[in-house]
Each structure stands twice: as structure tokens, then as C-alpha cells.
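*Asks:* Handing over upload.cif, mmCIF, C-alpha atoms.
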```cif
data_query
loop_
_atom_site.label_atom_id
_atom_site.label_comp_id
_atom_site.auth_asym_id
_atom_site.auth_seq_id
_atom_site.Cartn_x
_atom_site.Cartn_y
_atom_site.Cartn_z
CA MET Z 1 25.35 -40.54 -8.56
CA ALA Z 2 24.99 -37.25 -10.41
CA MET Z 3 23.23 -34.28 -8.90
CA ALA Z 4 22.31 -31.09 -10.83
CA MET Z 5 22.15 -27.71 -9.21
CA ALA Z 6 21.34 -24.18 -10.32
CA ALA Z 7 23.51 -22.09 -8.01
CA VAL Z 8 23.02 -18.46 -8.97
CA ALA Z 9 21.16 -16.50 -11.68
CA VAL Z 10 21.55 -12.75 -11.34
CA ALA Z 11 20.15 -11.19 -14.49
CA VAL Z 12 21.49 -12.47 -17.78
CA LEU Z 13 20.51 -14.57 -20.75
CA THR Z 14 23.68 -15.35 -22.71
CA PRO Z 15 25.26 -18.37 -24.41
CA ASN Z 16 27.15 -20.54 -21.94
CA PRO Z 17 30.77 -19.26 -21.98
CA TYR Z 18 32.16 -21.99 -19.76
CA ASN Z 19 34.05 -25.10 -20.73
CA HIS Z 20 33.18 -27.61 -18.00
CA ALA Z 21 35.31 -30.39 -19.44
CA SER Z 22 38.57 -28.61 -18.83
CA THR Z 23 40.17 -26.98 -15.84
CA SER Z 24 41.76 -24.26 -17.95
CA PHE Z 25 40.19 -20.84 -18.31
CA ARG Z 26 38.81 -19.69 -21.62
CA GLN Z 27 38.69 -16.00 -22.56
CA PRO Z 28 35.32 -14.81 -23.92
CA GLN Z 29 35.15 -14.56 -27.69
CA GLN Z 30 34.42 -11.28 -29.43
CA HIS Z 31 31.16 -12.54 -30.93
CA GLU Z 32 29.75 -13.46 -27.53
CA PRO Z 33 27.55 -10.81 -25.89
CA VAL Z 34 28.79 -9.65 -22.51
CA ALA Z 35 25.99 -8.76 -20.06
CA ALA Z 36 25.97 -6.11 -17.42
CA ALA Z 37 25.24 -8.71 -14.76
CA ALA Z 38 26.61 -12.23 -14.61
CA ALA Z 39 24.96 -15.62 -14.28
CA PHE Z 40 26.66 -18.90 -13.64
CA ASN Z 41 25.84 -22.57 -13.07
CA VAL Z 42 27.73 -24.90 -10.82
CA GLU Z 43 27.54 -28.55 -11.75
CA PRO Z 44 28.46 -30.43 -8.61
CA LYS Z 45 29.26 -33.79 -10.26
CA SER Z 46 32.83 -32.63 -10.82
CA ILE Z 47 33.34 -31.10 -7.40
CA LEU Z 48 31.73 -33.49 -4.91
CA ARG Z 49 33.30 -34.28 -1.61
CA LYS Z 50 31.75 -36.70 0.80
CA GLY Z 51 30.53 -35.06 4.01
CA ALA Z 52 31.72 -31.60 2.99
CA VAL Z 53 29.74 -28.54 3.98
CA SER Z 54 28.63 -26.21 1.18
CA SER Z 55 30.99 -23.31 0.83
CA PHE Z 56 31.99 -20.85 -1.85
CA ILE Z 57 35.29 -19.09 -1.97
CA TYR Z 58 35.40 -16.12 -4.28
CA HIS Z 59 38.48 -14.45 -5.58
CA ARG Z 60 38.37 -11.70 -8.14
CA GLN Z 61 41.21 -10.67 -10.41
CA ARG Z 62 41.21 -7.63 -12.63
CA ASN Z 63 42.76 -7.46 -16.08
CA ASP Z 64 43.00 -3.77 -16.86
CA ARG Z 65 44.15 -4.37 -20.42
CA ARG Z 66 41.09 -6.30 -21.51
CA ARG Z 67 38.77 -4.43 -19.09
CA THR Z 68 37.31 -7.71 -17.86
CA SER Z 69 36.94 -9.36 -14.50
CA ARG Z 70 37.43 -12.96 -13.53
CA LEU Z 71 35.45 -14.59 -10.81
CA TRP Z 72 37.08 -17.67 -9.39
CA ILE Z 73 34.77 -20.13 -7.76
CA ARG Z 74 35.54 -23.22 -5.78
CA SER Z 75 32.59 -25.23 -4.55
CA GLU Z 76 32.44 -28.00 -2.06
CA LEU Z 77 28.97 -29.48 -1.73
CA MET Z 78 27.56 -32.09 0.61
CA GLU Z 79 26.70 -35.32 -1.15
CA LYS Z 80 25.78 -38.20 1.11
CA SER Z 81 25.63 -40.65 -1.77
CA ALA Z 82 29.08 -39.82 -3.16
CA THR Z 83 31.51 -42.74 -3.19
CA ASN Z 84 35.20 -43.14 -3.93
CA ASP Z 85 34.48 -45.04 -7.13
CA ASP Z 86 32.40 -42.16 -8.50
CA SER Z 87 34.13 -40.92 -11.63
CA SER Z 88 33.55 -37.36 -10.58
CA TYR Z 89 34.91 -37.78 -7.08
CA SER Z 90 38.52 -37.46 -8.18
CA GLU Z 91 37.76 -34.11 -9.81
CA ARG Z 92 36.42 -32.49 -6.64
CA ASP Z 93 39.18 -29.88 -6.44
CA THR Z 94 39.21 -28.88 -10.08
CA GLY Z 95 35.79 -27.26 -10.39
CA ARG Z 96 36.91 -23.73 -11.29
CA TYR Z 97 35.20 -21.67 -13.95
CA HIS Z 98 35.70 -18.26 -15.47
CA ILE Z 99 32.77 -15.84 -15.56
CA PRO Z 100 33.26 -12.92 -17.95
CA ARG Z 101 31.67 -9.61 -17.11
CA ARG Z 102 32.39 -5.92 -17.56
CA SER Z 103 31.95 -3.68 -14.55
CA PRO Z 104 31.65 -0.40 -16.50
CA LEU Z 105 28.55 -1.74 -18.24
CA MET Z 106 26.99 -2.48 -14.89
CA ALA Z 107 26.92 1.21 -14.00
CA ALA Z 108 26.05 2.37 -17.49
CA SER Z 109 23.09 0.12 -18.15
CA PRO Z 110 19.79 1.93 -17.45
CA ALA Z 111 17.94 -1.36 -17.28
CA VAL Z 112 20.15 -2.67 -14.53
CA VAL Z 113 20.07 0.57 -12.54
CA SER Z 114 16.30 0.67 -12.79
CA SER Z 115 15.87 -2.91 -11.64
CA VAL Z 116 18.09 -2.35 -8.63
CA ALA Z 117 16.90 1.11 -7.57
CA LEU Z 118 13.19 0.50 -8.07
CA PRO Z 119 11.94 -2.58 -6.21
CA PRO Z 120 8.62 -4.12 -7.21
CA LYS Z 121 5.66 -2.06 -6.10
CA ARG Z 122 3.97 -3.51 -3.05
CA SER Z 123 0.47 -4.69 -3.82
CA LYS Z 124 -2.38 -3.55 -1.61
CA LYS Z 125 -3.79 -5.94 0.95
CA ASN Z 126 -7.44 -6.84 0.38
CA VAL Z 127 -9.36 -6.55 3.65
CA CYS Z 128 -12.83 -7.76 4.63
CA LEU Z 129 -14.15 -5.16 7.09
CA PHE Z 130 -16.89 -6.11 9.55
CA TYR Z 131 -18.44 -3.53 11.85
CA CYS Z 132 -20.96 -3.04 14.64
CA GLU Z 133 -24.15 -1.14 13.89
CA GLU Z 134 -22.97 2.01 15.66
CA MET Z 135 -19.96 2.16 13.35
CA ARG Z 136 -21.81 1.65 10.08
CA GLU Z 137 -21.32 5.24 8.86
CA LEU Z 138 -17.61 5.28 9.71
CA ALA Z 139 -17.14 1.85 8.11
CA GLU Z 140 -18.68 3.12 4.88
CA ARG Z 141 -16.31 6.08 4.93
CA VAL Z 142 -13.35 3.74 5.44
CA ALA Z 143 -14.43 1.60 2.47
CA LEU Z 144 -14.61 4.71 0.29
CA GLU Z 145 -10.97 5.47 1.10
CA SER Z 146 -9.64 2.31 -0.59
CA ASP Z 147 -10.77 -0.12 -3.28
CA SER Z 148 -9.02 -2.91 -1.37
CA ILE Z 149 -11.48 -2.72 1.57
CA GLU Z 150 -14.73 -4.66 1.25
CA LEU Z 151 -17.55 -4.28 3.77
CA ARG Z 152 -19.05 -7.43 5.24
CA SER Z 153 -22.20 -7.60 7.36
CA ILE Z 154 -23.16 -9.32 10.60
CA SER Z 155 -26.70 -10.07 11.71
CA TRP Z 156 -27.12 -8.45 15.14
CA ARG Z 157 -30.19 -10.02 16.72
CA THR Z 158 -31.28 -10.90 20.26
CA PHE Z 159 -33.12 -13.77 21.83
CA GLU Z 160 -36.25 -13.19 23.86
CA ASP Z 161 -34.21 -13.07 27.07
CA GLY Z 162 -32.11 -10.22 25.66
CA PHE Z 163 -28.89 -12.14 25.01
CA PRO Z 164 -27.32 -11.70 21.59
CA ASN Z 165 -28.25 -13.93 18.65
CA LEU Z 166 -25.44 -13.30 16.16
CA PHE Z 167 -24.70 -14.57 12.67
CA ILE Z 168 -21.66 -13.92 10.47
CA SER Z 169 -22.78 -13.98 6.85
CA TYR Z 170 -20.76 -16.01 4.29
CA ALA Z 171 -18.32 -17.23 6.93
CA HIS Z 172 -16.75 -19.71 4.48
CA GLY Z 173 -16.07 -16.88 2.05
CA ILE Z 174 -13.54 -15.19 4.35
CA ARG Z 175 -11.24 -18.18 4.70
CA GLY Z 176 -7.72 -17.17 3.81
CA GLN Z 177 -8.67 -13.47 3.79
CA HIS Z 178 -7.39 -10.53 5.83
CA VAL Z 179 -10.22 -9.57 8.18
CA ALA Z 180 -10.84 -6.50 10.36
CA PHE Z 181 -13.59 -5.53 12.78
CA LEU Z 182 -14.54 -1.92 13.56
CA ALA Z 183 -15.80 -1.81 17.15
CA SER Z 184 -17.43 0.74 19.44
CA PHE Z 185 -17.51 0.03 23.17
CA SER Z 186 -19.76 3.01 23.85
CA SER Z 187 -21.54 1.34 26.76
CA PRO Z 188 -21.17 -1.88 28.78
CA GLY Z 189 -24.38 -3.19 27.21
CA VAL Z 190 -22.85 -3.56 23.73
CA ILE Z 191 -19.42 -4.85 24.71
CA PHE Z 192 -20.43 -8.48 25.22
CA GLU Z 193 -22.06 -8.96 21.82
CA GLN Z 194 -19.10 -7.39 20.04
CA LEU Z 195 -16.60 -9.46 22.01
CA SER Z 196 -18.50 -12.58 20.90
CA VAL Z 197 -17.90 -11.65 17.26
CA ILE Z 198 -14.32 -10.55 17.92
CA TYR Z 199 -13.51 -13.93 19.44
CA ALA Z 200 -15.28 -15.84 16.63
CA LEU Z 201 -13.70 -14.19 13.56
CA PRO Z 202 -10.07 -15.38 14.08
CA ARG Z 203 -11.32 -18.99 14.30
CA LEU Z 204 -12.67 -18.92 10.74
CA PHE Z 205 -9.27 -19.79 9.17
CA ILE Z 206 -8.53 -16.19 8.19
CA SER Z 207 -5.05 -14.99 7.22
CA SER Z 208 -4.93 -12.15 9.75
CA PHE Z 209 -7.22 -10.27 12.11
CA THR Z 210 -7.23 -6.56 13.01
CA LEU Z 211 -9.47 -5.05 15.67
CA VAL Z 212 -10.03 -1.31 15.26
CA LEU Z 213 -11.25 0.18 18.54
CA PRO Z 214 -10.92 3.95 18.04
CA PHE Z 215 -11.90 4.77 21.63
CA PHE Z 216 -10.62 2.66 24.53
CA PRO Z 217 -13.44 3.46 26.96
CA THR Z 218 -11.89 2.56 30.31
CA GLY Z 219 -8.63 4.37 29.58
CA SER Z 220 -9.20 7.02 32.24
CA TYR Z 221 -9.66 4.37 34.94
CA GLU Z 222 -6.08 3.17 35.00
CA ARG Z 223 -5.03 4.28 38.50
CA MET Z 224 -5.66 3.07 42.03
CA GLU Z 225 -5.90 5.98 44.44
CA ASP Z 226 -7.13 3.91 47.36
CA GLU Z 227 -6.97 0.27 48.37
CA GLY Z 228 -9.95 -1.48 46.82
CA ASP Z 229 -10.11 0.62 43.64
CA VAL Z 230 -10.50 -1.51 40.51
CA ALA Z 231 -8.50 -0.40 37.46
CA THR Z 232 -11.00 -1.42 34.78
CA ALA Z 233 -8.60 -0.31 32.05
CA PHE Z 234 -6.45 -3.29 33.00
CA THR Z 235 -9.49 -5.60 32.99
CA LEU Z 236 -10.53 -4.66 29.45
CA ALA Z 237 -6.93 -4.85 28.23
CA ARG Z 238 -6.62 -8.41 29.52
CA ILE Z 239 -9.90 -9.42 27.84
CA LEU Z 240 -8.65 -8.09 24.49
CA SER Z 241 -5.28 -9.77 25.05
CA ASN Z 242 -6.93 -13.19 24.93
CA ILE Z 243 -8.47 -12.88 21.46
CA PRO Z 244 -7.72 -16.18 19.65
CA ILE Z 245 -4.71 -16.20 17.36
CA SER Z 246 -5.49 -16.35 13.64
CA ARG Z 247 -3.45 -18.21 11.00
CA GLY Z 248 -1.33 -15.08 10.54
CA GLY Z 249 -0.47 -14.71 14.21
CA PRO Z 250 -1.64 -12.40 17.02
CA THR Z 251 -4.43 -9.87 16.57
CA SER Z 252 -3.50 -6.31 15.66
CA LEU Z 253 -5.32 -3.82 17.89
CA VAL Z 254 -5.69 -0.21 16.68
CA ILE Z 255 -6.53 2.47 19.27
CA PHE Z 256 -6.52 6.25 18.85
CA ASP Z 257 -5.15 8.52 21.58
CA ILE Z 258 -5.40 6.17 24.51
CA HIS Z 259 -5.69 8.19 27.71
CA ALA Z 260 -2.39 7.10 29.27
CA LEU Z 261 0.53 5.81 27.22
CA GLN Z 262 1.62 3.44 29.97
CA GLU Z 263 -1.58 1.46 29.37
CA ARG Z 264 0.19 -0.24 26.47
CA PHE Z 265 1.85 -2.41 29.11
CA TYR Z 266 -1.56 -3.71 30.24
CA PHE Z 267 -1.85 -5.78 27.06
CA GLY Z 268 -0.48 -9.32 26.85
CA ASP Z 269 1.70 -10.96 24.23
CA CYS Z 270 -1.21 -12.41 22.22
CA VAL Z 271 -2.22 -9.00 20.86
CA LEU Z 272 -0.20 -6.33 19.04
CA PRO Z 273 -1.49 -2.88 20.04
CA SER Z 274 -0.95 -0.03 17.58
CA PHE Z 275 -1.50 3.40 19.13
CA GLU Z 276 -2.51 6.02 16.59
CA SER Z 277 -3.42 9.69 17.03
CA GLY Z 278 -6.00 12.11 15.69
CA ILE Z 279 -3.61 15.07 16.02
CA PRO Z 280 -2.61 14.93 12.30
CA LEU Z 281 -6.27 15.63 11.45
CA LEU Z 282 -6.20 18.71 13.68
CA LYS Z 283 -2.96 20.00 12.15
CA ASN Z 284 -4.38 19.67 8.64
CA ARG Z 285 -7.52 21.52 9.68
CA LEU Z 286 -5.59 24.34 11.33
CA GLN Z 287 -3.63 24.90 8.12
CA GLN Z 288 -6.91 25.59 6.33
CA LEU Z 289 -7.95 28.41 8.68
CA PRO Z 290 -7.57 32.00 7.44
CA ASP Z 291 -5.64 32.89 10.62
CA SER Z 292 -3.44 29.79 10.56
CA GLU Z 293 -0.35 31.93 11.21
CA ASN Z 294 -1.84 33.21 14.47
CA ILE Z 295 -2.54 29.86 16.18
CA SER Z 296 -1.38 28.96 19.68
CA ILE Z 297 -1.99 25.62 21.38
CA ALA Z 298 -3.23 25.46 24.97
CA PHE Z 299 -3.24 22.42 27.25
CA PRO Z 300 -5.71 22.29 30.15
CA ASP Z 301 -3.21 20.52 32.42
CA ASP Z 302 0.29 19.08 32.55
CA GLY Z 303 -0.97 15.65 31.56
CA ALA Z 304 -2.30 16.91 28.23
CA TRP Z 305 0.98 18.75 27.61
CA LYS Z 306 3.02 15.59 28.20
CA ARG Z 307 0.67 13.66 25.93
CA PHE Z 308 0.66 15.95 22.89
CA HIS Z 309 3.32 18.65 22.99
CA LYS Z 310 5.81 16.77 20.78
CA GLN Z 311 3.26 16.48 17.97
CA LEU Z 312 2.48 20.20 18.16
CA GLN Z 313 5.88 21.61 19.01
CA HIS Z 314 5.99 24.05 16.08
CA PHE Z 315 3.08 26.03 17.60
CA PRO Z 316 3.43 28.54 20.46
CA MET Z 317 2.21 26.78 23.59
CA ILE Z 318 0.17 27.76 26.61
CA ILE Z 319 -0.16 25.53 29.68
CA CYS Z 320 -2.93 25.76 32.23
CA ASN Z 321 -3.23 23.82 35.45
CA LYS Z 322 -6.00 22.82 37.81
CA VAL Z 323 -5.84 23.64 41.49
CA ARG Z 324 -8.28 22.62 44.17
CA GLU Z 325 -9.79 25.29 46.42
CA GLY Z 326 -12.14 23.63 48.85
CA GLU Z 327 -14.57 21.55 46.82
CA GLN Z 328 -13.86 23.38 43.57
CA ARG Z 329 -11.24 22.89 40.90
CA ILE Z 330 -10.02 26.16 39.46
CA VAL Z 331 -8.07 26.49 36.21
CA ARG Z 332 -5.21 28.97 36.14
CA LEU Z 333 -2.73 30.08 33.51
CA LYS Z 334 0.63 28.50 34.23
CA GLU Z 335 2.75 29.33 31.19
CA GLY Z 336 2.45 31.16 27.85
CA ASP Z 337 0.81 34.33 26.50
CA PRO Z 338 -2.60 34.13 24.75
CA ARG Z 339 -2.94 37.87 24.01
CA GLY Z 340 -4.21 38.50 20.47
CA ARG Z 341 -3.94 34.84 19.51
CA HIS Z 342 -6.39 32.24 18.24
CA VAL Z 343 -5.89 29.68 21.02
CA VAL Z 344 -6.84 26.03 20.47
CA ILE Z 345 -7.30 23.92 23.60
CA VAL Z 346 -6.14 20.33 22.99
CA ASP Z 347 -6.96 17.22 25.04
CA ASP Z 348 -7.56 13.53 24.39
CA LEU Z 349 -11.19 13.39 25.57
CA VAL Z 350 -14.01 15.36 27.10
CA GLN Z 351 -16.77 14.17 29.37
CA SER Z 352 -18.65 16.78 31.40
CA GLY Z 353 -16.62 19.59 29.81
CA GLY Z 354 -16.16 21.59 33.00
CA THR Z 355 -12.37 21.86 32.67
CA LEU Z 356 -12.54 23.02 29.04
CA ILE Z 357 -15.08 25.71 29.84
CA GLU Z 358 -12.98 27.03 32.73
CA CYS Z 359 -9.91 27.00 30.51
CA GLN Z 360 -11.80 28.99 27.86
CA LYS Z 361 -12.74 31.64 30.41
CA VAL Z 362 -9.16 31.98 31.66
CA LEU Z 363 -7.78 32.38 28.12
CA ALA Z 364 -10.44 34.97 27.26
CA ALA Z 365 -9.62 36.91 30.43
CA HIS Z 366 -5.94 37.01 29.42
CA GLY Z 367 -6.65 38.59 26.04
CA ALA Z 368 -7.12 35.69 23.60
CA LYS Z 369 -8.66 36.86 20.32
CA LYS Z 370 -10.43 33.53 19.67
CA VAL Z 371 -10.69 30.27 21.58
CA SER Z 372 -11.34 26.89 19.97
CA ALA Z 373 -11.02 23.32 21.23
CA TYR Z 374 -10.07 19.88 19.98
CA VAL Z 375 -10.54 16.46 21.58
CA THR Z 376 -10.14 13.11 19.87
CA HIS Z 377 -12.98 11.50 21.81
CA GLY Z 378 -16.14 13.48 22.49
CA ILE Z 379 -17.95 11.36 25.08
CA PHE Z 380 -20.35 13.97 26.49
CA PRO Z 381 -22.46 11.84 28.86
CA ASN Z 382 -25.93 13.16 29.65
CA ARG Z 383 -25.80 15.55 26.67
CA SER Z 384 -23.09 17.61 28.34
CA TRP Z 385 -22.17 18.95 24.88
CA GLU Z 386 -25.04 21.42 25.33
CA LYS Z 387 -22.82 23.42 27.72
CA PHE Z 388 -20.65 24.63 24.85
CA ASN Z 389 -21.77 27.77 23.05
CA TYR Z 390 -20.78 29.18 19.68
CA ASP Z 391 -19.13 32.60 19.85
CA GLY Z 392 -20.84 33.75 16.63
CA GLY Z 393 -17.73 35.67 15.65
CA VAL Z 394 -18.18 38.06 18.60
CA GLY Z 395 -15.36 36.90 20.86
CA PRO Z 396 -14.18 34.19 23.26
CA ASN Z 397 -16.24 35.52 26.16
CA ASN Z 398 -19.37 34.20 24.46
CA GLY Z 399 -18.13 30.74 23.49
CA LEU Z 400 -15.89 28.76 21.16
CA SER Z 401 -15.11 29.54 17.54
CA HIS Z 402 -14.63 25.83 16.72
CA PHE Z 403 -14.94 22.58 18.64
CA TRP Z 404 -13.34 19.74 16.67
CA ILE Z 405 -13.96 16.09 17.58
CA THR Z 406 -13.37 12.87 15.65
CA ASP Z 407 -15.97 10.23 14.82
CA SER Z 408 -14.54 7.77 17.35
CA CYS Z 409 -17.76 8.03 19.40
CA PRO Z 410 -20.57 7.61 16.84
CA LEU Z 411 -23.46 8.33 19.21
CA THR Z 412 -22.02 11.76 19.99
CA VAL Z 413 -21.48 12.46 16.30
CA LYS Z 414 -25.19 11.97 15.59
CA GLU Z 415 -26.12 14.44 18.33
CA VAL Z 416 -23.71 17.29 17.53
CA LYS Z 417 -23.54 17.06 13.74
CA ASN Z 418 -24.32 20.41 12.08
CA ARG Z 419 -24.47 22.16 15.45
CA PRO Z 420 -21.91 24.98 15.75
CA PRO Z 421 -19.30 25.19 17.14
CA PHE Z 422 -18.92 21.42 16.60
CA GLU Z 423 -17.12 20.04 13.56
CA ILE Z 424 -16.35 16.38 12.86
CA LEU Z 425 -12.89 15.25 11.70
CA SER Z 426 -13.16 11.71 10.33
CA LEU Z 427 -10.69 8.97 11.20
CA ALA Z 428 -11.64 7.05 8.03
CA GLY Z 429 -8.46 7.85 6.09
CA GLN Z 430 -6.15 6.90 8.94
CA ILE Z 431 -8.03 3.68 9.62
CA ALA Z 432 -7.85 2.70 5.93
CA SER Z 433 -4.09 3.32 5.94
CA THR Z 434 -3.61 1.34 9.15
CA LEU Z 435 -5.42 -1.67 7.70
CA GLN Z 436 -2.71 -1.89 5.02
CA ILE Z 437 0.05 -2.47 7.58
#
```
With the file now loaded, output its structure as C-alpha cells.

*Replies:*
Amino acid sequence: MAMAMAAVAVAVLTPNPYNHASTSFRQPQQHEPVAAAAAFNVEPKSILRKGAVSSFIYHRQRNDRRRTSRLWIRSELMEKSATNDDSSYSERDTGRYHIPRRSPLMAASPAVVSSVALPPKRSKKNVCLFYCEEMRELAERVALESDSIELRSISWRTFEDGFPNLFISYAHGIRGQHVAFLASFSSPGVIFEQLSVIYALPRLFISSFTLVLPFFPTGSYERMEDEGDVATAFTLARILSNIPISRGGPTSLVIFDIHALQERFYFGDCVLPSFESGIPLLKNRLQQLPDSENISIAFPDDGAWKRFHKQLQHFPMIICNKVREGEQRIVRLKEGDPRGRHVVIVDDLVQSGGTLIECQKVLAAHGAKKVSAYVTHGIFPNRSWEKFNYDGGVGPNNGLSHFWITDSCPLTVKEVKNRPPFEILSLAGQIASTLQI
């Protein structure tokens, strides 16, 4: 029983130079074109062996006079239906063919070099992006960053008893698509309705699912200082770890500047957390300042230094620390010299802002020319952002020159927008890039 097989085709279209009827080798004729890369066919009917495992033994000989190479091939292929009375069975050891090629042409051919050195350009992944109402503005910014991101809407309604009444529009239209959801867990009251959508989307036969949660809200509650404390960071991590698996596998979870890096171990195997950072946005902004050559970075405590110093190591650094005196926490200068410098205080988040304000005062007292601040997540409960004053170009004793925050907390963004010293650095570009992974 005959069986045909195409064994290898590298990159050539040329008349067949092989004589399959004979075991002798034929030299290529002068009128035959010789390609830079070789192609060959192996016809197994003349080389079958019953029960043999496929194997190829290559041996190359060089003929310097004719500047050609010979590739010797011996093939032994498995053929369950081969029998001793098969006419080709007796020829199983004679299947050797000569493949002409010229190595110098391989290096000299621009077409070949180009095809090897330049792989096909990777096409962009089309993503359907859903979002909660709080994140509408950020979602629109993300969509503007890439033509491959399409916004999709969800109907966020409630029943009379206050429980969510949700509807995903055109659910059949996202089958086989890459889907992402942009979430904001700004308060416990909105987490349940968003989790309901997050758990529903992967079940709609989508190719992959990505959850973008810029701010992980319980990140600062990861420790137990006394028996009976509940580490709610672990609780939320376990909830997100049980998101249903989509057709493409586990959910990808994108979080920016989580409070403690060890919290990555709180997540289970059914979710793939990707921890991003807003620090690149800060570095780009600092390069645009007129005094960019006079910047120093200050950390309000050792924890912030451990968290960010590697990303900012090319800046002079100043480290403060907090000490407790009675019922008060006092910030002191631990390391570094702020004299005559524009000092930027860097931390992952701010809530009441008391530590940042004390740090500003210490830096001003030690001769800083300007003091600014950056946090990835501006939480500011109870409008605590009102504590921060703008220096008006007078000096650090009066306030901050700049206070940069990202749009990870959309409710804060609405309150502080266009209010100096606050300035918003958008995560839209980084989110759009992450969705292409």
C-alpha cells in the first residue's frame, strides 16, 4: 500500500532534480536553477520498514571543486500496513537522494536574509472592553489609545430592594472574542455588582478574559497584628482567584502598585496576576520639568523605599522615617540631603495625608527648594485632599509645587481635577498596552 508524504519544504520552487528510480546520485545540470535554500520530498514507498520509528540521518559532504553540498538522507518510516510482498518493501534501505544547494548563495541572497531576520509582524489583538460606570472616562481614554479596543456597555440597574439588575448587551456578539473588564472597587457597595459581571463574562464562550483593577482596595490590610485581626486583602484575593476560567484559560488580573508585593501569593492558580506600576508616568513627567536636573526623590518611610527605589535609582534619594512619641507619629530625616533640591515625595497611596504633610515640613526645614509629591492611588477619604495647599511658587513652607496622582480612583479625580497642586497622570496608555499581552 503506497503512502505519500511531503517531508520538508524550506523555501524553493525549482524543477525536481532527483531521480527516484535509481539509487545513484545525479549531479545538477547547468541549466537547472540552484536556489539559496533547499526543498526536498521523501516518497516513503521505496523506504518502508514495518514497525520502524521515523528517523532521519543526515550526512553532509562538501565538494570544494564544484562548490556544492550533498545532503544524504536515509528515512525509515512507520507503516503498519506494509507487508513483505509489497514491491517497495525490498527497497527500504536504498532511499537516498541528492539535494543540490550552494551555501554561498544562502548568505548572499537578500531575500533569504530578510525572511529569516524579519519574522512576520505580530497582529494586534482585538479586545472588547467593558467597564463600570465609575470608570467610563478612563475606559474612553483607553479606547483612544488603540484602534483594536472596542468599548462595550453594560446596563447597571437595580431592583426595588436595591440589589443589582444587570444586563450585558449583545452577549452573543462577544463569543470567541478577547474580553476585558475595567473595574473600580471604590467602596464595598459597588463590589458585589461588579463581581456579578466579572463572574458572568468568562462564561459567554469568550477566547480570553482580562480583569483590570487599577487599585486593589484592601491592599493595606494584609497583616495581622493581633489574634482576631482579619486580613481582608487575602479575602478579596481569594474571591478574585475563583473567577471562572474562559476558553483561553485563567483570567489575567492587572493591578497597579499593589501595597505589598508579597500579596501576589494570596492569589490562587485560577488567576494570573500582572503587577504594573505608575512610576514610568512619573519619570516621564519629571523629565518635562524645567528643573529636571535638580530632582531628588524622597520616601516617607522604609517601606516606600523598598517598594520603589529600584525604579528610581538614577535620582538622588532621601529617606524619612516615622517614629512614635506618645500618641503622635513624628517624621524625621533619616538619610539624604534635600538642600537646594526639588524634592518629590513618592508613595503608593495616600489616605488622610498626615504622613505626607509632615514629610513636606521636614524637607522644607532642611533646605529643600521645592517639594512635590506623587502617589499612584489618591484615596483621600472624607475629602482629606483639602489639607494639601499649593505653594504658589513661593516656597515649600506654604505647600506643594505639584501633587501627581493617577486616575486609578475615579471619584477622587472628579474632586481634585483642575485644583492646584493636583495633576492627573492617566493610566490609559499602560492599560491599552497591557491588554495586548

*Asks:* What is the distance between CA of Arg152 (chain Z) and CA of Leu129 (chain Z), in Å to one decimal?

*Replies:* 5.7 Å

*Asks:* Any chance you could resolve the PyMOL selection byres ((chain Z and resi 237) around 9) against this file and give the residues as a PyMOL selection string?

*Replies:* chain Z and resi 232-236+238-242+263-264+266-268

*Asks:* Mind listing as an NGL selection string all residues within 7 Å of (-5.2, 40.4, 24.9), counting all atoms listed in the file?

*Replies:* :Z and (338-340 or 366-369)

*Asks:* Find the residues around Gly278 (chain Z) up to 8 Å (all atoms listed in the file counted), leave out those fewer than 6 positions away in its own chain, and share them as an MDAnalysis selection string.

*Replies:* chainID Z and resid 256:257 376 406 427

*Asks:* For Leu211 (chain Z), please output as a PyMOL selection string all residues within 10 Å (counting only C-alpha atoms; exclusion window: fewer than 5 positions along the same chain).

*Replies:* chain Z and resi 129-131+179-183+198+240+243+251-255+271-273+435
